[in-house]
Structure formats: C-alpha cells, structure tokens
Amino acid sequence: MTSWHASFISATAPTEAGDPAVYFRREFDLVETPARAMLRVTALGIVEPHLNGARVGDEVLAPGWTSYRNRLMVSSYDVTDQLRVGANAVGAIVGEGWAVGGLTWENTRHNYADRPALFLELEIGYPDRTEFIVSDETFRVGSGSVRANGIYSGEVHDARLEPEGWTRAGFDDSNWAGAQPFPWDLSTLESPSAPPIRRVEERAPISITKSPSGRMIVDFGQNLSGWVRLTVSGDRGRTITLRHAELLTPDGELEHETNRTADATDSYTLRGSGTESWEPGFTFHGFRYVQVDGWPGEIDPDALRAIVVHSDMTRTGWFETSHPLVDKLHENTVWSMRGNFVGVPTDCPQRDERLGWTGDLNAFAPAATYLYDTRGVLGSWLRDLAAEQRESGTVPWVVPDVLPTASTPTALWSDVAVSLPWALYQEYGDLAILRESYESMSTFMRQVEDLLDDGGLWSSGFQFGDWLDPDAPANNPAGGKTDRYLVANAYLCKTTREMAAAAELLGRAADAAHFADMHRRVLDAFRREFVTESGRVVNESATAYALTIMFDILGEAQRPKAGARLAEIVEAAGYTISTGFAGTPLVTDALSSTGHIDEAYKMLLEKQCPSFLYPITMGATTIWERWDAVLPDGTLNSTGMTSLNHYALGAVADWLHRVVGGLSRQEPGWKRISIAPKPGGGLMSARTSHATPYGLAEVSWRVQDGEMIVEVTIPAGTTATVRLPLHPQGSIEEVGPGEHSWRYSAPVGYGERATFTMDTPIKEISADPRIWAAVVDVFKVYFPGVPIDAAGAHLAAMPLSAVLERMPGAAVADLARDLEIAISDSREAVHV
C-alpha cells in the first residue's frame, strides 16, 4: 500500500525502564454489516491488537525487528467476522520491544523511538463505499496489567490492574488521556515478506526439583526460545516469579551467567478469581530451566508449559544415522537455528545481545537453507542490510545495526552481503534474489577493492579472523592461530568469484569482466603471499588449509599436498577441533574432498573437548558458542561469552547432509541432483531428505547382512547422478524422477566390531580416537607430564605389552590392569 489514512500516536511522555506498557483504545459505531474489514497494525515497540473483546491474530512479538528507520512491517488481519452492527471497540497494547527498550550489552535505550507508538488502520468495506477507523487523536491512552517489559529484562504483569472490558464497547475511559501524534515517516511502512513469529510448540516439564537452597527448579529438557505459560489458582495479590536460565550449577542451582546482564525474569501477580492462565507477550527468553518462586503449594507439572517461539518457517531438511550422538548433533543444530530465528537471525537468544551478527549467519547459511525455507526471513533481512549499508556506507556487523561502535569492512562478516544472496540463489535458483541484492553486493565489493594494497592483498584494517579459535585467549576471541589477513584474503577469493558469477548471470557483462579480473588479482596475490609452489600454506593451521582447499585457491597439483598436510594437523590435534568460525564449517569438507574421509569421520566422532560431540556428552541440547562452554566438572566456562545456544558452529550440518547423507545439488535450484554418500566412521546407515523447489529428494543408505542398500527418491522435473557408495566397481548411474534402489556387497569388514588386546600394535589402537584417549588417560595417571606419542616410529609398531616390558617399577601390574580396562571398551569400537 502506498497511501495510508492513519498516523502514529503515542502517550505524551517518553518511557523509561520499568514503565508500564501503553494501552490504546477507541470506540466506533457501524450502522450496517460490512462486506469486508481489514485491520492493519504496526508499532514502534511490540503490539498486541484487540477488537471487541478478543485478541486479533496469532502473531507474537509483532512487528518483529527490522531496520525500523527504513522498513517497518505492517500486519494485516481479516476481521470481517469480528465486527457487529452498533457499538464496537478497537485497541492495542504496545510494549517497548526493540524500538524503545534497552539493547546490547550497554543497554542503550531509545534506539528508534523514545516511547511506544501505535499505527492502526481499520478498513471497512461496503458494496458502495469504504470507511476507515484510524489511529489519531481520537484514541484514548491508558495503562493496565503490563507493568513493565523489556526484551532482556522480562515482563511484570499484575492481573489486578487489568482494566476490565477495555477492549469492548461501553468501557469508561474518561480517566484515560488523549493520544498524541507521533512523528514517523510513513514511507517506511510495508507489508511483511517474512513469515510471522508464532507459538510453534509447547513442551511439558521433564522434572520439577528442589535445589539445595530450597528453590523450585523446572527443567523443560530442551534449550529453547520463548516463554512459560502458567495456569494457577491462588490468593489475590500473590506474585509468582519465573527466572530463566540455560544451565544449572553442579549443585543444582540456577546458573545465570550466560544471561550476562539480562534479568530474563517474568512475574505474575494473581487476580485471585479462580483458575488463571497467563503468558508474557512483550518479551522472550532463551532457556531450558526456570526457577519458580511464590507458587501457591506444590507445582502440578500440567500447570507449566514452555512455549517455543520463532519465525514460522517451513521445515525442509531432515537427517539421521545409526549413530545416536551424530543424530543429537544434528538435532541440536536444528534447535539452535529455531532458537535464533526469532524474526532476526541472531547469535543467541538469552543474553544482553540477541543481535543479527552477519558472520554467524554467513557461516551457517548453507545449513540454514537446507533445514528450513529461509527465503522470507533472510530475504527480508538482506533488505535491511542493504538499507543500512546505504545509510552508513558499509555493511554493518549486525543487522539491524544498534552497535555502540561503527562497523568497518571485514571478511566473513561484511561479505555476507555477497555470499548470502549467492547461497540463497544456489538453493532456490531464483535470479530475482541476485537482482534485488546486486547493488548491495557490488557496492561492498568495490569498497573492499579500494582497500587492497599495491600487491592486491587486503592487508590492513580490523578483521575478526578465525573468530573463537579454541586456542585463542579467552579475552581475545579474534586472536586465533591463523593470520587474520590470510582469512580475509581467502574469503575475498571466494566472494570475488561469487560476485563475478552473479554479474554474468544477470547479464552485466562489464561488471562480470571487472569482478573476474579482481578475482584473478586477489587469487594471484593470495598464492604469492600464503602458498608455496608445492601446496604448503603459511600458518600451518587447519583453518588455513581448509580455506585454501574449499575456496579453490590451490591448483590441482597442490591439493593432494594440502589435503595430506591438513590430515596431519588434524591427527596431531587428536581429531579435536582447532578451528573457529571461519574454519569449522569447512574442515571436514576439506578433508573428505581431498580423500581423507577417515580423518573427517574421526573428527566428527571425537568426544574429547574441543569436539563436535563433547557438548553432547555434557548434556547439550543446542550448539554452544564455545566447545568448552561447560567444563567437564559441569561448571560454566566463565569467559563472559559462553552462550549455550549459538548456531554458527553447527554449520557442520551442511557436510552431514551432503557427504554423510550424500544429497546435494549439481546446479542452482536443484534441477540436477547429486547423490554421493561417503560412509565411514563405522556408521551403518544414514538418511537425509530435502524439500527442493521441485519436491522431496531423499537418500537412504545402510549396511545390512553384508550388503549395501541404497534407496533414492528423485522429484519430478529433475535428474540425478548417483555415485553408489562403497560399490566394488565404483558405479555411477544417471536416473530420473521416481524411487530407485540398489543392493550390492559391502566391503568385507565394514562395520564389524574391532577387538583390541595388549598385543595390538599401538598404531592400530591410536586409530580409534575414543579408545586411544582412554589409553592416554591411563598413562597420564602413572606418568604425569610424559607424552605418549603414538605417531613416533619407535612406538607405533609396538604392542602395549612390549611397552610395558620396558617400564620399571612395581606399578607396572596396576598400569597393565588399567590399560586392559581401557582397551576392553573396544567392544564399542568399530572399523573405520
């Protein structure tokens, strides 16, 4: 809609933290039944519309968070059936939300407006005319039961103070004030292109316990985003307080530290008139546990429900295997995406942040587009990015941008302007995605081009580098092992290639030639600066090798050398993770694509910290910001930055889908499909499916009774190349739509249980990361500080029994006993 009849209205004074939400209302008369009626509403703040005594719509946290100064979403509802001849009443409650309340760790208020403001337009259609009821100075303004509210702080609700009947005609609002005009540019208003935020699931408690301090702790069994709905009976004036957290301390108390300064606390004061049900509407929390204070009597588990809230996206990707921990890793990734797609793709949902960090999304985008239909959410977010880029002159590190400091161009973060549209185009095959983002993409690339030195390198300015490398100092997450400018220039090689391809697809020949030339220049510069002729990469880090391999920086003759060196680095780290945001999404891919599938699976299945599976062994139900966010003793790793719901490092899910499951696209939009599972790690089966633009594609493989069984579903309108996994002749087949299956002999010994004894060579034992870790732990007890190097030639060929013969002292018998116990766990080990 280009013309509006309503305007924004507000109360008379700015609000401060702890002020009540603002209630708006107006009555009007209808002399005949309308043929149609549409309510359009938005707010600076969070709006809850009402009409004739009923809440309108099922959206929550509307209008969501966008770059309000440029784009403010207006929700539309068909309310024809809610109007009646005679007196009617329309109204809304507006809380502070993102527009007015405190944001970021500095708790800066009034980022967009100094008070909540309402925009409401009720269009009433008759056969011969159209009438409008609009927000203007005829509206009355008051307050009610929502006494305080904030995104970070929570909601304070006193049911005794709700104005009875305020949303119905006949309510006495004479003691309410008149609404005031609030200046706002109506050209910012637009219809949503993203799905609304809704309540999408309810979860019952899995336990209610009393902590050592006597607090009642409710465990919902899953870290999630949303809030708690309570149903209770009690005395008038009793206040129930709900404090939310992601973790308990080892002794069972609520651990608040991951919230940082966010209070994450809701309170409800009872009306005292029988059974009451309530849930907040002007805040949300990231939590698994809730401390309940003030409950009258024992808590009935049926009285509490966790309400899962996020953008109502359609699920499009699924994955499962024979390995329960791998399945849990994938499930945790899905939950972290759900918890962080609450309107904006955020870093985390629980603490004093919850910002649309560009680097997190850029790393995770390929997994996100597989798991859910993200066109709406991410398309809208890219429009915010472009608007703020035009406003500030650069791509902000967070979108919408409310950071206390200015952003500068950085790799992986700012270049989301290029790589996210490219990822969306790859998934959906829609050139309109590239066309709409092209100005933003090309503007960013030209800005970086101006920053290159005479040699063609991006060699100055701030860079996040391989953010959160596990070896980086806790107080310097950007201080990882890998040269931050190597990371920047590697990503620049990637984005210049994407930019040139996008320009060519859109028929922009001059730009395509320009960006292709830029790509050649930065690629040559990278090779001169960071790569030897043989394929060695400076820094000798896993991230450095993963980037150069996966971004096609190396020549074909160099890839085997780089892949082998990466495998050595990964082995030397005990198959634990030594990469941060830049390298972790790519390291398993870099291994498997250079022929090191065994090493990739060993990384996947490693449980020692830092690893993909360590958090799961510690009870994680989402992806953590740091692999060691919770220490082995169950205490929080107090770094000031330890979110337990942070999807970025779950980007490995993309590799699980494509390599373990074996399903990927051969061209944008899934017109041609690749089926190429790479079994390993002793996994006996895997299945993955994806709702492509053409329909459901599915791959299932399993080893059963010595046979490999592969089953494939190809959607109509597509074709697929099938590389049959572990096939004795390496068979490749071309298939069309429909269901296809194959059976053939599996490799001898695949998936059989391994048995280690004291006479097994150390090299064989060390090939199983879990068993070898147990052996090393035993040696650490008896010989602390003495390294046991399985890679050493003098030890690798020896059995454990031969090593023990060289050990002096009376403790050898005890050592042998403990080693026997350690290797006896090989009943759970499998041949890779």
# chains A, B, ... in the order shown; residues from 1 in each chain; ligands from 1
>>> select_by_dssp(residues="region 42-244 of chain A", states="strand (DSSP E or B)", output="PyMOL selection string")
chain A and resi 42-44+46-51+54-55+72-73+75-78+86-95+103+108+117-126+129-134+140-142+146-150+154-158+177-178+180-181+189-190+197-203+207-210+216-232+239-244
>>> residues_around(residues="region 369-375 of chain A", least_positions_apart="6", cutoff="6 Å", atoms="only C-alpha atoms", output="number ranges by chain")
A: 314-317
>>> residues_around(residues="Ala387 (chain A)", least_positions_apart="2", cutoff="9 Å", atoms="only C-alpha atoms", output="PDB file with N, CA, C and O atoms, in the first residue's frame")
ATOM      1  N   SER A  67      15.023  -2.975  10.233  1.00  0.00           N
ATOM      2  CA  SER A  67      15.695  -1.674  10.255  1.00  0.00           C
ATOM      3  C   SER A  67      14.612  -0.605  10.237  1.00  0.00           C
ATOM      4  O   SER A  67      14.263  -0.050   9.195  1.00  0.00           O
ATOM      5  N   ASN A  70      14.088   2.417   8.109  1.00  0.00           N
ATOM      6  CA  ASN A  70      13.959   2.174   6.676  1.00  0.00           C
ATOM      7  C   ASN A  70      12.784   1.276   6.316  1.00  0.00           C
ATOM      8  O   ASN A  70      12.177   1.450   5.257  1.00  0.00           O
ATOM      9  N   ARG A  71      12.461   0.315   7.203  1.00  0.00           N
ATOM     10  CA  ARG A  71      11.432  -0.674   6.889  1.00  0.00           C
ATOM     11  C   ARG A  71      10.720  -1.074   8.183  1.00  0.00           C
ATOM     12  O   ARG A  71      11.351  -1.606   9.089  1.00  0.00           O
ATOM     13  N   LEU A 382      18.106  -9.311   4.277  1.00  0.00           N
ATOM     14  CA  LEU A 382      19.013  -8.726   3.282  1.00  0.00           C
ATOM     15  C   LEU A 382      18.546  -7.343   2.852  1.00  0.00           C
ATOM     16  O   LEU A 382      19.369  -6.457   2.554  1.00  0.00           O
ATOM     17  N   ARG A 383      17.241  -7.118   2.815  1.00  0.00           N
ATOM     18  CA  ARG A 383      16.764  -5.775   2.504  1.00  0.00           C
ATOM     19  C   ARG A 383      17.123  -4.794   3.616  1.00  0.00           C
ATOM     20  O   ARG A 383      17.464  -3.631   3.353  1.00  0.00           O
ATOM     21  N   ASP A 384      17.061  -5.258   4.861  1.00  0.00           N
ATOM     22  CA  ASP A 384      17.529  -4.417   5.972  1.00  0.00           C
ATOM     23  C   ASP A 384      19.020  -4.126   5.829  1.00  0.00           C
ATOM     24  O   ASP A 384      19.470  -2.999   6.046  1.00  0.00           O
ATOM     25  N   LEU A 385      19.784  -5.154   5.503  1.00  0.00           N
ATOM     26  CA  LEU A 385      21.230  -4.982   5.337  1.00  0.00           C
ATOM     27  C   LEU A 385      21.521  -3.928   4.276  1.00  0.00           C
ATOM     28  O   LEU A 385      22.343  -3.019   4.492  1.00  0.00           O
ATOM     29  N   GLN A 389      23.337  -0.438   4.855  1.00  0.00           N
ATOM     30  CA  GLN A 389      24.572  -0.233   4.102  1.00  0.00           C
ATOM     31  C   GLN A 389      24.537   1.116   3.370  1.00  0.00           C
ATOM     32  O   GLN A 389      25.514   1.867   3.385  1.00  0.00           O
ATOM     33  N   ARG A 390      23.402   1.428   2.751  1.00  0.00           N
ATOM     34  CA  ARG A 390      23.272   2.724   2.074  1.00  0.00           C
ATOM     35  C   ARG A 390      23.374   3.871   3.073  1.00  0.00           C
ATOM     36  O   ARG A 390      23.954   4.929   2.789  1.00  0.00           O
ATOM     37  N   GLU A 391      22.827   3.661   4.260  1.00  0.00           N
ATOM     38  CA  GLU A 391      22.788   4.706   5.273  1.00  0.00           C
ATOM     39  C   GLU A 391      24.169   4.975   5.868  1.00  0.00           C
ATOM     40  O   GLU A 391      24.566   6.127   6.067  1.00  0.00           O
ATOM     41  N   SER A 392      24.902   3.904   6.159  1.00  0.00           N
ATOM     42  CA  SER A 392      26.177   4.052   6.868  1.00  0.00           C
ATOM     43  C   SER A 392      27.396   4.044   5.953  1.00  0.00           C
ATOM     44  O   SER A 392      28.487   4.440   6.356  1.00  0.00           O
ATOM     45  N   SER A 440      23.777  -3.930  -3.428  1.00  0.00           N
ATOM     46  CA  SER A 440      24.474  -4.141  -2.156  1.00  0.00           C
ATOM     47  C   SER A 440      25.737  -4.978  -2.354  1.00  0.00           C
ATOM     48  O   SER A 440      26.811  -4.648  -1.827  1.00  0.00           O
TER      49      SER A 440
END
>>> residues_around(residues="Gly680 (chain A)", least_positions_apart="3", cutoff="12 Å", atoms="only C-alpha atoms", output="PDB file with C-alpha atoms, in the first residue's frame")
ATOM      1  CA  THR A 321      22.110 -42.006  11.091  1.00  0.00           C
ATOM      2  CA  SER A 322      22.849 -45.162  13.037  1.00  0.00           C
ATOM      3  CA  HIS A 323      24.944 -43.098  15.461  1.00  0.00           C
ATOM      4  CA  SER A 592      36.725 -35.516   2.637  1.00  0.00           C
ATOM      5  CA  HIS A 596      40.760 -38.079   3.809  1.00  0.00           C
ATOM      6  CA  ILE A 597      37.285 -39.306   4.659  1.00  0.00           C
ATOM      7  CA  ASP A 598      38.564 -41.418   7.562  1.00  0.00           C
ATOM      8  CA  GLU A 599      40.084 -38.373   9.232  1.00  0.00           C
ATOM      9  CA  ALA A 600      36.885 -36.415   8.661  1.00  0.00           C
ATOM     10  CA  TYR A 601      34.849 -39.087  10.418  1.00  0.00           C
ATOM     11  CA  LYS A 602      37.339 -39.269  13.253  1.00  0.00           C
ATOM     12  CA  MET A 603      36.854 -35.539  13.757  1.00  0.00           C
ATOM     13  CA  LEU A 604      33.097 -35.940  13.618  1.00  0.00           C
ATOM     14  CA  LEU A 605      33.063 -38.733  16.204  1.00  0.00           C
ATOM     15  CA  LEU A 656      26.441 -34.107   7.151  1.00  0.00           C
ATOM     16  CA  VAL A 659      28.685 -36.099   2.446  1.00  0.00           C
ATOM     17  CA  VAL A 660      27.367 -38.425   5.148  1.00  0.00           C
ATOM     18  CA  GLY A 661      23.816 -38.358   3.810  1.00  0.00           C
ATOM     19  CA  PRO A 677      27.187 -40.652   0.188  1.00  0.00           C
ATOM     20  CA  LEU A 683      28.180 -45.729  10.670  1.00  0.00           C
ATOM     21  CA  MET A 684      25.843 -48.457   9.477  1.00  0.00           C
ATOM     22  CA  SER A 685      23.211 -46.181   7.981  1.00  0.00           C
ATOM     23  CA  ALA A 686      22.240 -42.631   7.121  1.00  0.00           C
ATOM     24  CA  TRP A 701      21.895 -45.994   2.681  1.00  0.00           C
ATOM     25  CA  ARG A 702      22.515 -48.834   5.109  1.00  0.00           C
ATOM     26  CA  VAL A 703      24.797 -51.813   5.568  1.00  0.00           C
ATOM     27  CA  PRO A 725      28.825 -45.671  -2.031  1.00  0.00           C
ATOM     28  CA  LEU A 726      31.429 -48.378  -1.386  1.00  0.00           C
ATOM     29  CA  PRO A 747      33.306 -54.125   1.625  1.00  0.00           C
ATOM     30  CA  TYR A 750      32.923 -52.684   7.073  1.00  0.00           C
ATOM     31  CA  GLY A 751      31.163 -52.002  10.352  1.00  0.00           C
ATOM     32  CA  VAL A 830      34.277 -50.153  15.036  1.00  0.00           C
ATOM     33  CA  HIS A 831      36.478 -50.364  11.991  1.00  0.00           C
ATOM     34  CA  VAL A 832      36.543 -47.116  10.063  1.00  0.00           C
TER      35      VAL A 832
END
>>> residues_around(residues="Trp772 (chain A)", least_positions_apart="5", cutoff="9 Å", atoms="only C-alpha atoms", output="list in words")
Ile762, Ile765, Ser766, Ala767, Asp777, Ala822 and Ile823 of chain A
>>> closest_atom_pairs(of="region 442-546 of chain A", to="region 417-435 of chain A", cutoff="8 Å", atoms="only C-alpha atoms", output="Markdown table")
| residue | atom | partner | partner_atom | distance |
| --- | --- | --- | --- | --- |
| A:Ser442 | CA | A:Val418 | CA | 7.9 |
| A:Phe444 | CA | A:Ala417 | CA | 7.2 |
| A:Thr495 | CA | A:Val418 | CA | 6.4 |
| A:Glu498 | CA | A:Trp422 | CA | 6.8 |
| A:Met499 | CA | A:Val418 | CA | 6.8 |
| A:Ala502 | CA | A:Leu434 | CA | 6.7 |
| A:Leu505 | CA | A:Leu431 | CA | 7.8 |
| A:Leu506 | CA | A:Arg435 | CA | 7.0 |
>>> write_last_selection(atoms="N, CA, C and O atoms", output="short mmCIF file (atom, residue, chain, number, x, y, z; two decimals), in the first residue's frame")
data_model
loop_
_atom_site.label_atom_id
_atom_site.label_comp_id
_atom_site.auth_asym_id
_atom_site.auth_seq_id
_atom_site.Cartn_x
_atom_site.Cartn_y
_atom_site.Cartn_z
N SER A 442 27.59 -5.49 -5.12
CA SER A 442 28.65 -4.83 -5.90
C SER A 442 29.24 -3.64 -5.14
O SER A 442 30.44 -3.38 -5.23
N PHE A 444 29.61 -3.38 -1.91
CA PHE A 444 30.57 -3.91 -0.94
C PHE A 444 31.87 -4.32 -1.62
O PHE A 444 32.97 -4.02 -1.13
N THR A 495 34.49 -14.58 -2.45
CA THR A 495 33.42 -13.64 -2.77
C THR A 495 33.63 -12.97 -4.13
O THR A 495 32.64 -12.64 -4.80
N GLU A 498 32.16 -15.38 -6.55
CA GLU A 498 30.69 -15.33 -6.49
C GLU A 498 30.17 -14.05 -7.16
O GLU A 498 29.17 -14.09 -7.88
N MET A 499 30.86 -12.94 -6.92
CA MET A 499 30.41 -11.67 -7.49
C MET A 499 30.49 -11.68 -9.01
O MET A 499 29.56 -11.22 -9.71
N ALA A 502 27.68 -13.84 -10.32
CA ALA A 502 26.38 -13.18 -10.21
C ALA A 502 26.20 -12.14 -11.30
O ALA A 502 25.13 -12.04 -11.91
N LEU A 505 25.45 -13.89 -14.57
CA LEU A 505 24.10 -14.44 -14.63
C LEU A 505 23.06 -13.35 -14.89
O LEU A 505 22.04 -13.60 -15.54
N LEU A 506 23.32 -12.15 -14.39
CA LEU A 506 22.38 -11.05 -14.56
C LEU A 506 22.62 -10.26 -15.84
O LEU A 506 21.97 -9.24 -16.07
#
>>> residues_around(residues="region 562-567 of chain A", least_positions_apart="4", cutoff="10 Å", atoms="only C-alpha atoms", output="ChimeraX atom specification")
/A:531,534-537,540-546,548-549,554,557-558,571-573,575,587-588,590-600
>>> atom_distance(atom1="CA of Thr333 (chain A)", atom2="CA of Ile623 (chain A)")
5.9 Å
>>> select_by_dssp(residues="region 305-360 of chain A", states="alpha helix (DSSP H)", output="JSON, numbers by chain")
{"A": [324, 325, 326, 327, 328, 329, 330, 331, 332, 333, 334, 335, 336, 337, 338, 339, 340, 358, 359, 360]}
>>> write_last_selection(atoms="N, CA and C atoms", output="JSON list (two decimals), in the first residue's frame")
[["chain", "number", "residue", "atom", "x", "y", "z"],
["A", 324, "PRO", "N", 23.73, -42.42, 17.49],
["A", 324, "PRO", "CA", 22.84, -41.52, 18.24],
["A", 324, "PRO", "C", 23.47, -40.17, 18.57],
["A", 325, "LEU", "N", 24.79, -40.12, 18.77],
["A", 325, "LEU", "CA", 25.40, -38.83, 19.10],
["A", 325, "LEU", "C", 25.46, -37.93, 17.88],
["A", 326, "VAL", "N", 25.69, -38.50, 16.71],
["A", 326, "VAL", "CA", 25.66, -37.70, 15.48],
["A", 326, "VAL", "C", 24.25, -37.17, 15.25],
["A", 327, "ASP", "N", 23.25, -38.01, 15.48],
["A", 327, "ASP", "CA", 21.87, -37.55, 15.35],
["A", 327, "ASP", "C", 21.58, -36.41, 16.32],
["A", 328, "LYS", "N", 22.11, -36.52, 17.52],
["A", 328, "LYS", "CA", 21.90, -35.46, 18.51],
["A", 328, "LYS", "C", 22.60, -34.18, 18.09],
["A", 329, "LEU", "N", 23.78, -34.29, 17.51],
["A", 329, "LEU", "CA", 24.48, -33.12, 16.99],
["A", 329, "LEU", "C", 23.61, -32.39, 15.97],
["A", 330, "HIS", "N", 23.00, -33.16, 15.08],
["A", 330, "HIS", "CA", 22.14, -32.54, 14.06],
["A", 330, "HIS", "C", 20.88, -31.95, 14.70],
["A", 331, "GLU", "N", 20.28, -32.68, 15.61],
["A", 331, "GLU", "CA", 19.09, -32.17, 16.30],
["A", 331, "GLU", "C", 19.40, -30.88, 17.04],
["A", 332, "ASN", "N", 20.57, -30.83, 17.69],
["A", 332, "ASN", "CA", 20.96, -29.62, 18.41],
["A", 332, "ASN", "C", 21.12, -28.44, 17.47],
["A", 333, "THR", "N", 21.63, -28.73, 16.27],
["A", 333, "THR", "CA", 21.79, -27.67, 15.27],
["A", 333, "THR", "C", 20.43, -27.11, 14.86],
["A", 334, "VAL", "N", 19.47, -28.00, 14.65],
["A", 334, "VAL", "CA", 18.12, -27.56, 14.28],
["A", 334, "VAL", "C", 17.52, -26.70, 15.39],
["A", 335, "TRP", "N", 17.67, -27.14, 16.63],
["A", 335, "TRP", "CA", 17.13, -26.36, 17.75],
["A", 335, "TRP", "C", 17.80, -25.00, 17.86],
["A", 336, "SER", "N", 19.10, -24.94, 17.60],
["A", 336, "SER", "CA", 19.77, -23.64, 17.67],
["A", 336, "SER", "C", 19.30, -22.71, 16.57],
["A", 337, "MET", "N", 19.05, -23.26, 15.40],
["A", 337, "MET", "CA", 18.50, -22.42, 14.34],
["A", 337, "MET", "C", 17.12, -21.91, 14.74],
["A", 338, "ARG", "N", 16.29, -22.80, 15.25],
["A", 338, "ARG", "CA", 14.95, -22.39, 15.67],
["A", 338, "ARG", "C", 15.02, -21.29, 16.73],
["A", 339, "GLY", "N", 15.90, -21.47, 17.69],
["A", 339, "GLY", "CA", 16.00, -20.52, 18.78],
["A", 339, "GLY", "C", 16.55, -19.17, 18.38],
["A", 340, "ASN", "N", 17.24, -19.11, 17.24],
["A", 340, "ASN", "CA", 17.86, -17.87, 16.81],
["A", 340, "ASN", "C", 17.24, -17.27, 15.56],
["A", 358, "THR", "N", 26.34, -10.77, 11.38],
["A", 358, "THR", "CA", 26.46, -11.20, 9.98],
["A", 358, "THR", "C", 27.36, -12.41, 9.82],
["A", 359, "GLY", "N", 28.43, -12.50, 10.62],
["A", 359, "GLY", "CA", 29.36, -13.61, 10.48],
["A", 359, "GLY", "C", 28.74, -14.94, 10.85],
["A", 360, "ASP", "N", 27.95, -14.96, 11.90],
["A", 360, "ASP", "CA", 27.29, -16.19, 12.32],
["A", 360, "ASP", "C", 26.41, -16.74, 11.20]]
>>> residues_around(residues="Ala169 (chain A)", least_positions_apart="2", cutoff="8 Å", atoms="only C-alpha atoms", output="list of chain:residue names")
A:Glu27, A:Asn52, A:Ala87, A:Asn88, A:Ala89, A:Gly165, A:Trp166, A:Thr167, A:Phe171
>>> closest_atom_pairs(of="region 160-222 of chain A", to="region 103-125 of chain A", cutoff="10 Å", atoms="only C-alpha atoms", output="Markdown table")
| residue | atom | partner | partner_atom | distance |
| --- | --- | --- | --- | --- |
| A:Ala179 | CA | A:Ala117 | CA | 9.7 |
| A:Gln180 | CA | A:Ala117 | CA | 9.4 |
| A:Pro181 | CA | A:Ala117 | CA | 8.9 |
| A:Phe182 | CA | A:Ala117 | CA | 6.9 |
| A:Pro183 | CA | A:Ala117 | CA | 9.5 |
| A:Trp184 | CA | A:Ala117 | CA | 9.5 |
| A:Leu186 | CA | A:Phe119 | CA | 9.7 |
| A:Leu189 | CA | A:Phe119 | CA | 9.9 |
>>> closest_residue(among="A:Ala37, A:Ala177, A:Leu254, A:Leu649", to="Phe364 (chain A)", atoms="only C-alpha atoms")
A:Leu649
>>> closest_atom_pairs(of="region 281-332 of chain A", to="region 217-233 of chain A", cutoff="6 Å", atoms="only C-alpha atoms", output="tab-separated table")
residue	atom	partner	partner_atom	distance
A:Phe284	CA	A:Gly226	CA	5.0
A:His285	CA	A:Gly226	CA	5.3
A:Gly286	CA	A:Ser225	CA	4.5
A:Phe287	CA	A:Asn223	CA	5.2
A:Arg288	CA	A:Asn223	CA	4.2
A:Tyr289	CA	A:Asp219	CA	4.7
A:Val290	CA	A:Val218	CA	5.1
A:Gln291	CA	A:Ile217	CA	4.6
A:Ala303	CA	A:Thr231	CA	4.8
A:Leu304	CA	A:Leu230	CA	4.8
A:Arg305	CA	A:Arg229	CA	5.3
A:Ala306	CA	A:Val228	CA	4.5
A:Ile307	CA	A:Trp227	CA	5.3
A:Val308	CA	A:Gly226	CA	4.8
A:Val309	CA	A:Gly226	CA	4.7
>>> atom_distance(atom1="CA of Leu492 (chain A)", atom2="CA of Ala478 (chain A)")
18.2 Å
